[in-house]
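*Asks:* Questions regarding the structure given below will be posed in turn.
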Amino acid sequence: MILSAEKKNILWQNFLGIPITNNQFSVALAGNPNVGKSTIFNALTGLHQHTGNWPGKTVDNAQGSFQHQKKIFLMVDLPGTYSLLAHTVEEQIARDFLCFANPDVTVVVLDATSLERNLNLALQVFEITPKVIVCLNLMDEAAKKDLFIDVPSLERELGVPVVATAARQGKGLAELRKKIFQVATGSVHPSPRQIIYSSDVESALKELLPLVENISNNTLSPRWIALRLLDGDQSFLKSLSNYLDIDQTSFQDWEVSKCAQ
Amino acid sequence: MCAMNPSRSLSEVYGHAEFVRKTYLKSFSDQIVADIYENAEQITKHVLSKKGSQRITLDQTIDNLVTSKWLGYPLMILLLVGVFWITIEGANIPSELLATVLFTFQDLLTLWFQWLGAPAWVHGVLVLGAYHTLAWVVAVMLPPMAIFFPLFTLLEDSGYLPRIAFNLDHIFKKARACGKQSLTMCMGFGCNAAGVTSCRIIDSPRERLIAIITNNFVPCNGRFPTLIAITSIFIGGAIASYSGFVNALVISGIILLGVAVTLSVSWLLSMTILKGEPSSMVLELPSYRRPKIGAVIYRSMIDRTLFVLRRAIITAAPAGAVIWILANVYIGDQSILSIIAYVLNPFGQLIGLDGFILMAFILGLPANEIVLPILIMSYLSTGSLQDYASLEELRSVLVSNGWTWLTAVNVLIFSLLHWPCATTLLTTYKETGSKKWVFLTFLIPTVIGFTACLTVTQVVRLFGLV
């Protein structure tokens, strides 16, 4: 189910409460809490912002837009999360947005002073969408702590564009805009690193994948769906059927029949 | 998707996934997370270099120490004992000073009332009831709070508290609850109502309910004075030269008992009415910071000490007046207070307490702070609270009312394990929005407290130890 532009507009309006027009590119901004995500969001969108709540949730939802090379980019600030494995409402919102809203570009903001912890989120985003840019923020603080990050080799390791920024000083933001433009228009094709799991997980995935591929001919990666099935992640299954207009009742019927056995 | 019914196939796939998951022994979700972390670690190794590595390792060295498998728990317990030792030792002298000043002022008040020619009952209600209870509460509560809260805030500001949560996480997971529950318990030390509110940090509704219901098993600030006073009189006093240290050990033991009960009840709830798997959490361990002394003093004094004291005063003054009336209104030749105690007595005796103690706990529902004042006042025939200028005096009052070490132990246990105060119950209602959970919050600790006291008493009596 490749989202047609029109279908995407309806989805965004109805499920996310965000109006988007055909000529706009959509950009999702993801990252851990306290990595300067909001600073980047504010610096890019300036006064063109709109804040509200995610539909039915008490979590802030900020959207804003900016122009680059005469193209309009609608940027959505996702809740700050450490992972996408949906233990919290925030994680669920971020995950569902990345999975189903199908943004044209996803920018993952990392804290350069604690790269390892922050990479976990980036690696999880990589499994959902290939159109990712990594923004390595707080470079100034990393320098103060005598941390040196080899950006070109990080780019090679991750397989996506990496932009080093110090958002509070406004450093690197022009480069970030340029990269967003390039990925959105398709002149740069990132191929993010995919995790190869332990043999147990991989062989279980192999068992599941053919079945998952049967039901999923959409943009959502079958591997991601299979992984969540192995997690036993009920909330993802619920979101999946909600967003794909799949009738929930037959799933429940099946659950009931399973219990009856 | 073609002719296939999508929902049918989704459920089929889910069923198959369930089957696959069952055929492997390990938990996939843990393995998946572990693999992701390993990738992150490898990448970081390739791209990150540190110029001066010494500064960074200091934090890590401390972390390795305080969160280590072997030293983590002993260090935690040592800190706990240390904090209580400082609190108990430090509070002794200021407590006595405050008592002297406040009760001297009471004598002055009495003189003024006599000079004004006020009726005896007005003097009784206002001075012997309200003011006396008030003075008592302030003298007993203020010094330990003024020492305990700054120490606690110091631990909080230095960044140690998240390490406690980290240490305790796997125990809580075994009890099928959330590791963040240990943080809400820390809040509960100050005030259970605040602890219940802080349960908002727990995301899973199931785990939040568990944390709310069990928060009362952490003795709050209102119960510390009772615990400290009873321990000092009956337990530490026996070994005079190390009394402060022994008291600190006993009180730490009571808190550990509270933690043990918290874990057991959490586990029981997870196995029965709040079934479910524990969720994992990501806890950011902030770097250690040198606490700002000014901020620590301000926060611990204004936000905590004065806040709790204000609440205690608001409940203690009217309660003091009411108790004075109850103790001085006679039906026949007995005061209402002693009639109530007489009715409760058989039940109290059964669990190693007596009627007066049980009544004090019941009347202490508005605030736990006033349990001990009510008790002392009930024991004394004068019908007003007596200051215990020395602990020895208080001891003789209690002993002459039939207290033994068993009574003291039972009061300690019952103080830890009984119904929450009215404020906590109200907060629980606000947070859960359901009377059912409030009722359970009331019932569970009460049943456990009665059972524990009953068991201890019957066992001790059976072996003839008293």
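Numbering starts fresh at 1 for the residues of each chain in the structure tokens, the chains themselves are lettered A, B, ... in the order given, and ligands are numbered from 1 as they appear.
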With only C-alpha atoms counted and 6 Å as the cut-off, give the residues of chain B in contact with chain A, each with its shortest interatomic distance in Å and the pair that gives it, as a Markdown table.

*Replies:*
```
| residue | atom | partner | partner_atom | distance |
| --- | --- | --- | --- | --- |
| B:Ser7 | CA | A:Ile246 | CA | 5.6 |
| B:Ser11 | CA | A:Phe251 | CA | 5.6 |
| B:Ala17 | CA | A:Leu229 | CA | 6.0 |
| B:Phe28 | CA | A:Asp231 | CA | 5.9 |
| B:Ser29 | CA | A:Asp231 | CA | 4.7 |
| B:Asp35 | CA | A:Tyr197 | CA | 5.9 |
| B:Ala40 | CA | A:Glu116 | CA | 5.5 |
| B:Glu41 | CA | A:Glu116 | CA | 5.8 |
| B:Thr44 | CA | A:Glu116 | CA | 5.6 |
| B:Val47 | CA | A:Asp150 | CA | 5.0 |
| B:Leu48 | CA | A:Ile149 | CA | 4.7 |
| B:Ser49 | CA | A:Phe148 | CA | 5.2 |
| B:Lys50 | CA | A:Leu147 | CA | 4.7 |
| B:Lys51 | CA | A:Asp146 | CA | 5.4 |
| B:Asp203 | CA | A:Thr88 | CA | 5.6 |
```

*Asks:* Which residues come within 10 Å of A:Gly46, counting only C-alpha atoms, excluding same-chain residues fewer than 5 positions away, as a PyMOL selection string?

*Replies:* chain A and resi 40-41+64-66

*Asks:* Keeping only C-alpha atoms, take the residues you just selected and write them out as a short mmCIF file (atom, residue, chain, number, x, y, z; two decimals), in the first residue's frame.

*Replies:*
```
data_model
loop_
_atom_site.label_atom_id
_atom_site.label_comp_id
_atom_site.auth_asym_id
_atom_site.auth_seq_id
_atom_site.Cartn_x
_atom_site.Cartn_y
_atom_site.Cartn_z
CA ILE A 40 16.82 22.59 16.38
CA PHE A 41 13.08 22.62 15.75
CA GLY A 64 6.29 24.02 12.04
CA SER A 65 7.38 24.76 8.52
CA PHE A 66 10.35 26.21 6.72
#
```

*Asks:* Could you please determine the separation between atom CA of A:Ala174 and atom CA of A:Phe126 in Å, to one decimal place?

*Replies:*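 Separation of atom CA of A:Ala174 and atom CA of A:Phe126: 23.6 Å.
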
*Asks:* Find the spatial neighbours of A:Gln69, counting only C-alpha atoms, within a cut-off of 12 Å - ignore same-chain residues fewer than 5 positions away - and output them as a list of chain:residue names.

*Replies:*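 My reading of the contact set: A:Ala174, A:Arg177, A:Lys178, A:Lys179, A:Ile180, A:Phe181, A:Gln182, A:Thr185.
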
*Asks:* For atom CA of B:Leu142 and atom CA of B:Ile230, determine how far apart the two atoms are, in Å to one decimal place.

*Replies:* 17.0 Å

*Asks:* Extract the full set of alpha helix (DSSP H) residues from stretch 69-236 of chain A according to DSSP on the backbone, and format it as an mmCIF file with N, CA and C atoms, in the first residue's frame.

*Replies:*
```cif
data_model
loop_
_atom_site.group_PDB
_atom_site.id
_atom_site.type_symbol
_atom_site.label_atom_id
_atom_site.label_comp_id
_atom_site.auth_asym_id
_atom_site.auth_seq_id
_atom_site.Cartn_x
_atom_site.Cartn_y
_atom_site.Cartn_z
ATOM 1 N N VAL A 89 3.703 6.000 26.405
ATOM 2 C CA VAL A 89 2.842 6.654 25.425
ATOM 3 C C VAL A 89 3.687 7.411 24.407
ATOM 4 N N GLU A 90 4.740 8.090 24.906
ATOM 5 C CA GLU A 90 5.593 8.877 24.012
ATOM 6 C C GLU A 90 6.242 7.983 22.958
ATOM 7 N N GLU A 91 6.755 6.837 23.403
ATOM 8 C CA GLU A 91 7.402 5.927 22.464
ATOM 9 C C GLU A 91 6.408 5.412 21.437
ATOM 10 N N GLN A 92 5.185 5.167 21.902
ATOM 11 C CA GLN A 92 4.161 4.664 20.996
ATOM 12 C C GLN A 92 3.826 5.699 19.925
ATOM 13 N N ILE A 93 3.711 6.954 20.359
ATOM 14 C CA ILE A 93 3.393 8.019 19.407
ATOM 15 C C ILE A 93 4.499 8.144 18.369
ATOM 16 N N ALA A 94 5.755 8.179 18.842
ATOM 17 C CA ALA A 94 6.882 8.338 17.926
ATOM 18 C C ALA A 94 6.942 7.167 16.952
ATOM 19 N N ARG A 95 6.756 5.963 17.481
ATOM 20 C CA ARG A 95 6.828 4.776 16.628
ATOM 21 C C ARG A 95 5.720 4.781 15.585
ATOM 22 N N ASP A 96 4.483 5.036 16.040
ATOM 23 C CA ASP A 96 3.361 5.021 15.105
ATOM 24 C C ASP A 96 3.527 6.065 14.011
ATOM 25 N N LEU A 115 27.045 9.383 22.817
ATOM 26 C CA LEU A 115 26.754 8.815 21.501
ATOM 27 C C LEU A 115 26.156 7.417 21.600
ATOM 28 N N GLU A 116 26.753 6.581 22.454
ATOM 29 C CA GLU A 116 26.371 5.175 22.467
ATOM 30 C C GLU A 116 24.891 5.005 22.817
ATOM 31 N N ARG A 117 24.475 5.678 23.899
ATOM 32 C CA ARG A 117 23.073 5.561 24.312
ATOM 33 C C ARG A 117 22.134 6.075 23.228
ATOM 34 N N ASN A 118 22.540 7.193 22.592
ATOM 35 C CA ASN A 118 21.682 7.808 21.593
ATOM 36 C C ASN A 118 21.578 6.990 20.312
ATOM 37 N N LEU A 119 22.638 6.228 20.007
ATOM 38 C CA LEU A 119 22.630 5.447 18.768
ATOM 39 C C LEU A 119 21.538 4.386 18.778
ATOM 40 N N ASN A 120 21.152 3.930 19.978
ATOM 41 C CA ASN A 120 20.120 2.892 20.046
ATOM 42 C C ASN A 120 18.847 3.317 19.336
ATOM 43 N N LEU A 121 18.458 4.568 19.559
ATOM 44 C CA LEU A 121 17.245 5.065 18.914
ATOM 45 C C LEU A 121 17.442 5.147 17.405
ATOM 46 N N ALA A 122 18.600 5.678 16.991
ATOM 47 C CA ALA A 122 18.863 5.819 15.563
ATOM 48 C C ALA A 122 18.773 4.457 14.868
ATOM 49 N N LEU A 123 19.388 3.430 15.485
ATOM 50 C CA LEU A 123 19.383 2.098 14.881
ATOM 51 C C LEU A 123 17.962 1.564 14.740
ATOM 52 N N GLN A 124 17.100 1.894 15.715
ATOM 53 C CA GLN A 124 15.705 1.443 15.627
ATOM 54 C C GLN A 124 14.954 2.181 14.525
ATOM 55 N N VAL A 125 15.242 3.481 14.363
ATOM 56 C CA VAL A 125 14.598 4.243 13.288
ATOM 57 C C VAL A 125 15.024 3.677 11.938
ATOM 58 N N PHE A 126 16.307 3.305 11.824
ATOM 59 C CA PHE A 126 16.822 2.760 10.574
ATOM 60 C C PHE A 126 16.020 1.541 10.108
ATOM 61 N N GLU A 127 15.480 0.799 11.062
ATOM 62 C CA GLU A 127 14.737 -0.408 10.683
ATOM 63 C C GLU A 127 13.367 -0.080 10.107
ATOM 64 N N ILE A 128 12.886 1.145 10.402
ATOM 65 C CA ILE A 128 11.545 1.508 9.937
ATOM 66 C C ILE A 128 11.587 2.212 8.594
ATOM 67 N N MET A 139 27.757 19.277 19.688
ATOM 68 C CA MET A 139 29.170 19.063 19.376
ATOM 69 C C MET A 139 30.059 19.955 20.229
ATOM 70 N N ASP A 140 29.557 21.150 20.571
ATOM 71 C CA ASP A 140 30.351 22.064 21.391
ATOM 72 C C ASP A 140 30.608 21.466 22.775
ATOM 73 N N GLU A 141 29.563 20.847 23.351
ATOM 74 C CA GLU A 141 29.734 20.253 24.681
ATOM 75 C C GLU A 141 30.645 19.038 24.638
ATOM 76 N N ALA A 142 30.538 18.273 23.542
ATOM 77 C CA ALA A 142 31.418 17.109 23.394
ATOM 78 C C ALA A 142 32.876 17.567 23.348
ATOM 79 N N ALA A 143 33.117 18.682 22.645
ATOM 80 C CA ALA A 143 34.477 19.197 22.549
ATOM 81 C C ALA A 143 34.975 19.599 23.933
ATOM 82 N N LYS A 144 34.068 20.220 24.720
ATOM 83 C CA LYS A 144 34.453 20.619 26.076
ATOM 84 C C LYS A 144 34.854 19.408 26.914
ATOM 85 N N VAL A 151 33.298 12.067 12.240
ATOM 86 C CA VAL A 151 32.008 12.137 11.542
ATOM 87 C C VAL A 151 31.994 11.349 10.229
ATOM 88 N N PRO A 152 33.030 11.493 9.364
ATOM 89 C CA PRO A 152 32.988 10.704 8.124
ATOM 90 C C PRO A 152 32.891 9.203 8.375
ATOM 91 N N SER A 153 33.624 8.702 9.371
ATOM 92 C CA SER A 153 33.553 7.247 9.555
ATOM 93 C C SER A 153 32.238 6.859 10.239
ATOM 94 N N LEU A 154 31.639 7.768 11.033
ATOM 95 C CA LEU A 154 30.303 7.496 11.568
ATOM 96 C C LEU A 154 29.302 7.402 10.419
ATOM 97 N N GLU A 155 29.479 8.294 9.434
ATOM 98 C CA GLU A 155 28.617 8.284 8.252
ATOM 99 C C GLU A 155 28.719 6.941 7.536
ATOM 100 N N ARG A 156 29.959 6.444 7.431
ATOM 101 C CA ARG A 156 30.161 5.147 6.771
ATOM 102 C C ARG A 156 29.528 4.022 7.579
ATOM 103 N N GLU A 157 29.721 4.061 8.902
ATOM 104 C CA GLU A 157 29.163 3.008 9.761
ATOM 105 C C GLU A 157 27.636 2.976 9.672
ATOM 106 N N LEU A 158 27.029 4.161 9.645
ATOM 107 C CA LEU A 158 25.573 4.223 9.704
ATOM 108 C C LEU A 158 24.913 4.132 8.329
ATOM 109 N N LEU A 173 23.366 24.297 10.971
ATOM 110 C CA LEU A 173 21.947 24.222 10.614
ATOM 111 C C LEU A 173 21.721 24.383 9.107
ATOM 112 N N ALA A 174 22.567 25.199 8.456
ATOM 113 C CA ALA A 174 22.426 25.377 7.010
ATOM 114 C C ALA A 174 22.686 24.048 6.309
ATOM 115 N N GLU A 175 23.714 23.355 6.786
ATOM 116 C CA GLU A 175 24.054 22.047 6.240
ATOM 117 C C GLU A 175 22.895 21.066 6.443
ATOM 118 N N LEU A 176 22.252 21.143 7.638
ATOM 119 C CA LEU A 176 21.133 20.250 7.942
ATOM 120 C C LEU A 176 19.981 20.495 6.974
ATOM 121 N N ARG A 177 19.676 21.788 6.723
ATOM 122 C CA ARG A 177 18.604 22.120 5.775
ATOM 123 C C ARG A 177 18.904 21.530 4.400
ATOM 124 N N LYS A 178 20.161 21.671 3.984
ATOM 125 C CA LYS A 178 20.556 21.199 2.656
ATOM 126 C C LYS A 178 20.366 19.681 2.564
ATOM 127 N N LYS A 179 20.785 18.979 3.609
ATOM 128 C CA LYS A 179 20.682 17.514 3.595
ATOM 129 C C LYS A 179 19.219 17.071 3.600
ATOM 130 N N ILE A 180 18.374 17.790 4.372
ATOM 131 C CA ILE A 180 16.949 17.458 4.387
ATOM 132 C C ILE A 180 16.386 17.592 2.975
ATOM 133 N N PHE A 181 16.774 18.682 2.315
ATOM 134 C CA PHE A 181 16.309 18.920 0.949
ATOM 135 C C PHE A 181 16.749 17.793 0.025
ATOM 136 N N GLN A 182 18.010 17.410 0.146
ATOM 137 C CA GLN A 182 18.552 16.381 -0.757
ATOM 138 C C GLN A 182 17.871 15.031 -0.565
ATOM 139 N N VAL A 183 17.644 14.656 0.682
ATOM 140 C CA VAL A 183 17.009 13.357 0.932
ATOM 141 C C VAL A 183 15.544 13.399 0.513
ATOM 142 N N ALA A 184 14.862 14.534 0.798
ATOM 143 C CA ALA A 184 13.441 14.640 0.463
ATOM 144 C C ALA A 184 13.236 14.570 -1.044
ATOM 145 N N THR A 185 14.104 15.257 -1.808
ATOM 146 C CA THR A 185 13.928 15.288 -3.254
ATOM 147 C C THR A 185 14.519 14.062 -3.930
ATOM 148 N N SER A 199 21.676 -15.421 16.285
ATOM 149 C CA SER A 199 21.185 -16.481 15.390
ATOM 150 C C SER A 199 19.767 -16.929 15.744
ATOM 151 N N ASP A 200 19.453 -16.970 17.032
ATOM 152 C CA ASP A 200 18.107 -17.357 17.459
ATOM 153 C C ASP A 200 17.054 -16.453 16.843
ATOM 154 N N VAL A 201 17.295 -15.146 16.996
ATOM 155 C CA VAL A 201 16.331 -14.168 16.506
ATOM 156 C C VAL A 201 16.231 -14.253 14.992
ATOM 157 N N GLU A 202 17.401 -14.363 14.346
ATOM 158 C CA GLU A 202 17.395 -14.390 12.890
ATOM 159 C C GLU A 202 16.653 -15.610 12.352
ATOM 160 N N SER A 203 16.841 -16.765 12.987
ATOM 161 C CA SER A 203 16.166 -17.956 12.445
ATOM 162 C C SER A 203 14.667 -17.886 12.718
ATOM 163 N N ALA A 204 14.289 -17.280 13.847
ATOM 164 C CA ALA A 204 12.861 -17.090 14.101
ATOM 165 C C ALA A 204 12.278 -16.118 13.086
ATOM 166 N N LEU A 205 13.062 -15.077 12.759
ATOM 167 C CA LEU A 205 12.612 -14.112 11.756
ATOM 168 C C LEU A 205 12.387 -14.806 10.419
ATOM 169 N N LYS A 206 13.313 -15.696 10.077
ATOM 170 C CA LYS A 206 13.227 -16.406 8.809
ATOM 171 C C LYS A 206 11.924 -17.203 8.724
ATOM 172 N N GLU A 207 11.529 -17.768 9.866
ATOM 173 C CA GLU A 207 10.276 -18.535 9.893
ATOM 174 C C GLU A 207 9.071 -17.640 9.653
ATOM 175 N N LEU A 208 9.141 -16.430 10.220
ATOM 176 C CA LEU A 208 7.971 -15.555 10.181
ATOM 177 C C LEU A 208 7.859 -14.743 8.888
ATOM 178 N N LEU A 209 9.021 -14.387 8.334
ATOM 179 C CA LEU A 209 9.018 -13.415 7.243
ATOM 180 C C LEU A 209 8.088 -13.754 6.069
ATOM 181 N N PRO A 210 8.097 -15.002 5.575
ATOM 182 C CA PRO A 210 7.230 -15.294 4.433
ATOM 183 C C PRO A 210 5.765 -14.974 4.728
ATOM 184 N N LEU A 211 5.331 -15.293 5.960
ATOM 185 C CA LEU A 211 3.943 -15.025 6.329
ATOM 186 C C LEU A 211 3.667 -13.530 6.392
ATOM 187 N N VAL A 212 4.628 -12.798 6.991
ATOM 188 C CA VAL A 212 4.430 -11.357 7.142
ATOM 189 C C VAL A 212 4.395 -10.693 5.778
ATOM 190 N N GLU A 213 5.273 -11.145 4.868
ATOM 191 C CA GLU A 213 5.311 -10.540 3.539
ATOM 192 C C GLU A 213 3.979 -10.714 2.830
ATOM 193 N N ASN A 214 3.273 -11.787 3.161
ATOM 194 C CA ASN A 214 1.954 -12.025 2.602
ATOM 195 C C ASN A 214 0.976 -10.904 2.903
ATOM 196 N N ILE A 215 1.007 -10.450 4.162
ATOM 197 C CA ILE A 215 0.007 -9.451 4.538
ATOM 198 C C ILE A 215 0.507 -8.032 4.342
ATOM 199 N N PRO A 222 8.599 -5.501 6.312
ATOM 200 C CA PRO A 222 8.110 -6.765 6.877
ATOM 201 C C PRO A 222 9.001 -7.227 8.031
ATOM 202 N N ARG A 223 10.292 -6.932 7.908
ATOM 203 C CA ARG A 223 11.224 -7.331 8.954
ATOM 204 C C ARG A 223 10.870 -6.652 10.276
ATOM 205 N N TRP A 224 10.509 -5.376 10.197
ATOM 206 C CA TRP A 224 10.122 -4.633 11.396
ATOM 207 C C TRP A 224 8.869 -5.252 12.027
ATOM 208 N N ILE A 225 7.883 -5.569 11.164
ATOM 209 C CA ILE A 225 6.650 -6.174 11.680
ATOM 210 C C ILE A 225 6.977 -7.504 12.354
ATOM 211 N N ALA A 226 7.823 -8.302 11.685
ATOM 212 C CA ALA A 226 8.170 -9.615 12.237
ATOM 213 C C ALA A 226 8.881 -9.473 13.579
ATOM 214 N N LEU A 227 9.746 -8.452 13.682
ATOM 215 C CA LEU A 227 10.467 -8.237 14.939
ATOM 216 C C LEU A 227 9.495 -7.918 16.076
ATOM 217 N N ARG A 228 8.504 -7.078 15.753
ATOM 218 C CA ARG A 228 7.546 -6.710 16.808
ATOM 219 C C ARG A 228 6.664 -7.910 17.191
ATOM 220 N N LEU A 229 6.413 -8.756 16.214
ATOM 221 C CA LEU A 229 5.652 -9.967 16.524
ATOM 222 C C LEU A 229 6.445 -10.854 17.469
ATOM 223 N N LEU A 230 7.765 -10.897 17.265
ATOM 224 C CA LEU A 230 8.605 -11.699 18.149
ATOM 225 C C LEU A 230 8.671 -11.077 19.548
ATOM 226 N N ASP A 231 8.629 -9.720 19.581
ATOM 227 C CA ASP A 231 8.553 -9.017 20.868
ATOM 228 C C ASP A 231 7.282 -9.390 21.620
ATOM 229 N N GLN A 234 1.818 -6.110 21.746
ATOM 230 C CA GLN A 234 0.382 -5.988 21.452
ATOM 231 C C GLN A 234 0.015 -4.601 20.932
ATOM 232 N N SER A 235 0.668 -3.563 21.522
ATOM 233 C CA SER A 235 0.261 -2.204 21.169
ATOM 234 C C SER A 235 0.563 -1.920 19.697
ATOM 235 N N PHE A 236 1.646 -2.532 19.194
ATOM 236 C CA PHE A 236 1.982 -2.305 17.795
ATOM 237 C C PHE A 236 0.958 -2.970 16.883
#
```

*Asks:* As a compact mmCIF listing (two decimals) with N, CA and C atoms, in the first residue's frame, please: the residues near B:Leu363 (cut-off 12 Å, only C-alpha atoms, same-chain neighbours under 3 positions excluded).

*Replies:*
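Final output, saved to around_33.txt:
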```txt
# COMPACT_ATOMS: atom_id res chain seq x y z
N THR B 315 -3.38 19.83 61.57
CA THR B 315 -4.18 18.72 62.08
C THR B 315 -4.03 18.55 63.59
N ALA B 316 -2.84 18.89 64.09
CA ALA B 316 -2.58 18.60 65.49
C ALA B 316 -3.37 19.50 66.43
N PRO B 318 -6.40 21.19 66.16
CA PRO B 318 -7.80 20.79 66.40
C PRO B 318 -7.90 19.42 67.05
N ALA B 319 -7.02 18.49 66.61
CA ALA B 319 -7.09 17.15 67.19
C ALA B 319 -6.81 17.22 68.69
N GLY B 320 -5.85 18.06 69.08
CA GLY B 320 -5.53 18.22 70.49
C GLY B 320 -6.74 18.70 71.27
N VAL B 322 -9.94 18.37 70.44
CA VAL B 322 -10.96 17.33 70.47
C VAL B 322 -10.61 16.26 71.51
N ILE B 323 -9.34 15.89 71.55
CA ILE B 323 -8.94 14.84 72.48
C ILE B 323 -9.08 15.31 73.93
N LEU B 326 -12.67 14.90 74.72
CA LEU B 326 -13.01 13.49 74.90
C LEU B 326 -12.50 12.97 76.25
N LEU B 337 -13.01 8.97 76.35
CA LEU B 337 -11.77 8.38 75.85
C LEU B 337 -11.53 6.99 76.43
N ILE B 340 -14.00 4.34 75.03
CA ILE B 340 -13.62 3.84 73.70
C ILE B 340 -12.47 2.85 73.82
N ALA B 341 -11.49 3.24 74.63
CA ALA B 341 -10.32 2.36 74.80
C ALA B 341 -10.72 1.03 75.42
N PHE B 356 -5.92 1.65 74.17
CA PHE B 356 -5.47 3.03 73.98
C PHE B 356 -4.63 3.17 72.71
N ILE B 357 -3.75 2.19 72.49
CA ILE B 357 -2.88 2.27 71.31
C ILE B 357 -3.71 2.20 70.03
N LEU B 358 -4.66 1.25 70.03
CA LEU B 358 -5.51 1.08 68.85
C LEU B 358 -6.30 2.36 68.59
N MET B 359 -6.83 2.93 69.68
CA MET B 359 -7.61 4.16 69.55
C MET B 359 -6.72 5.29 69.02
N ALA B 360 -5.49 5.36 69.51
CA ALA B 360 -4.58 6.42 69.06
C ALA B 360 -4.35 6.31 67.56
N PRO B 366 -6.34 11.40 60.54
CA PRO B 366 -6.07 12.64 59.79
C PRO B 366 -4.58 12.84 59.53
N ALA B 367 -3.74 12.47 60.48
CA ALA B 367 -2.30 12.62 60.28
C ALA B 367 -1.57 11.72 61.26
N ASN B 368 -0.64 10.94 60.75
CA ASN B 368 0.07 9.98 61.60
C ASN B 368 0.91 10.65 62.68
N GLU B 369 1.20 11.93 62.49
CA GLU B 369 2.06 12.66 63.42
C GLU B 369 1.52 12.63 64.84
N ILE B 370 0.17 12.57 64.97
CA ILE B 370 -0.41 12.78 66.29
C ILE B 370 -0.71 11.49 67.04
N VAL B 371 -0.28 10.35 66.46
CA VAL B 371 -0.58 9.07 67.12
C VAL B 371 0.05 9.01 68.51
N LEU B 372 1.34 9.30 68.58
CA LEU B 372 2.02 9.18 69.87
C LEU B 372 1.53 10.24 70.88
N PRO B 373 1.36 11.50 70.47
CA PRO B 373 0.79 12.48 71.41
C PRO B 373 -0.56 12.03 71.98
N ILE B 374 -1.44 11.52 71.12
CA ILE B 374 -2.74 11.06 71.59
C ILE B 374 -2.57 9.96 72.63
N LEU B 375 -1.64 9.05 72.33
CA LEU B 375 -1.43 7.90 73.19
C LEU B 375 -0.98 8.33 74.59
N SER B 378 -3.72 9.98 76.48
CA SER B 378 -4.75 9.07 76.97
C SER B 378 -4.29 8.35 78.23
N TRP B 419 -3.38 1.41 58.06
CA TRP B 419 -4.02 2.21 57.01
C TRP B 419 -3.27 3.52 56.79
N CYS B 421 -2.86 7.60 55.99
CA CYS B 421 -3.56 8.75 56.56
C CYS B 421 -4.61 9.27 55.56
N ALA B 422 -5.49 10.12 56.06
CA ALA B 422 -6.60 10.59 55.24
C ALA B 422 -6.11 11.31 53.97
```

*Asks:* Using only C-alpha atoms, find the one residue out of A:Val105, A:Leu84, A:Leu11, A:Ile18 that sits nearest to A:Asn242.

*Replies:*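 Ranked by minimum distance to A:Asn242, first place goes to A:Leu11.
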
*Asks:* May I ask for the distance between atom CA of A:Gly56 and atom CA of B:Thr432, given in Å to one decimal place?

*Replies:* 18.9 Å

*Asks:* Name the closest residue to B:Thr305 among the candidates B:Pro74, B:Gly15, B:Pro144, B:Gly90; distances are taken between atoms, counting only C-alpha atoms.

*Replies:*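 Among the listed residues, B:Pro144 lies closest to B:Thr305.
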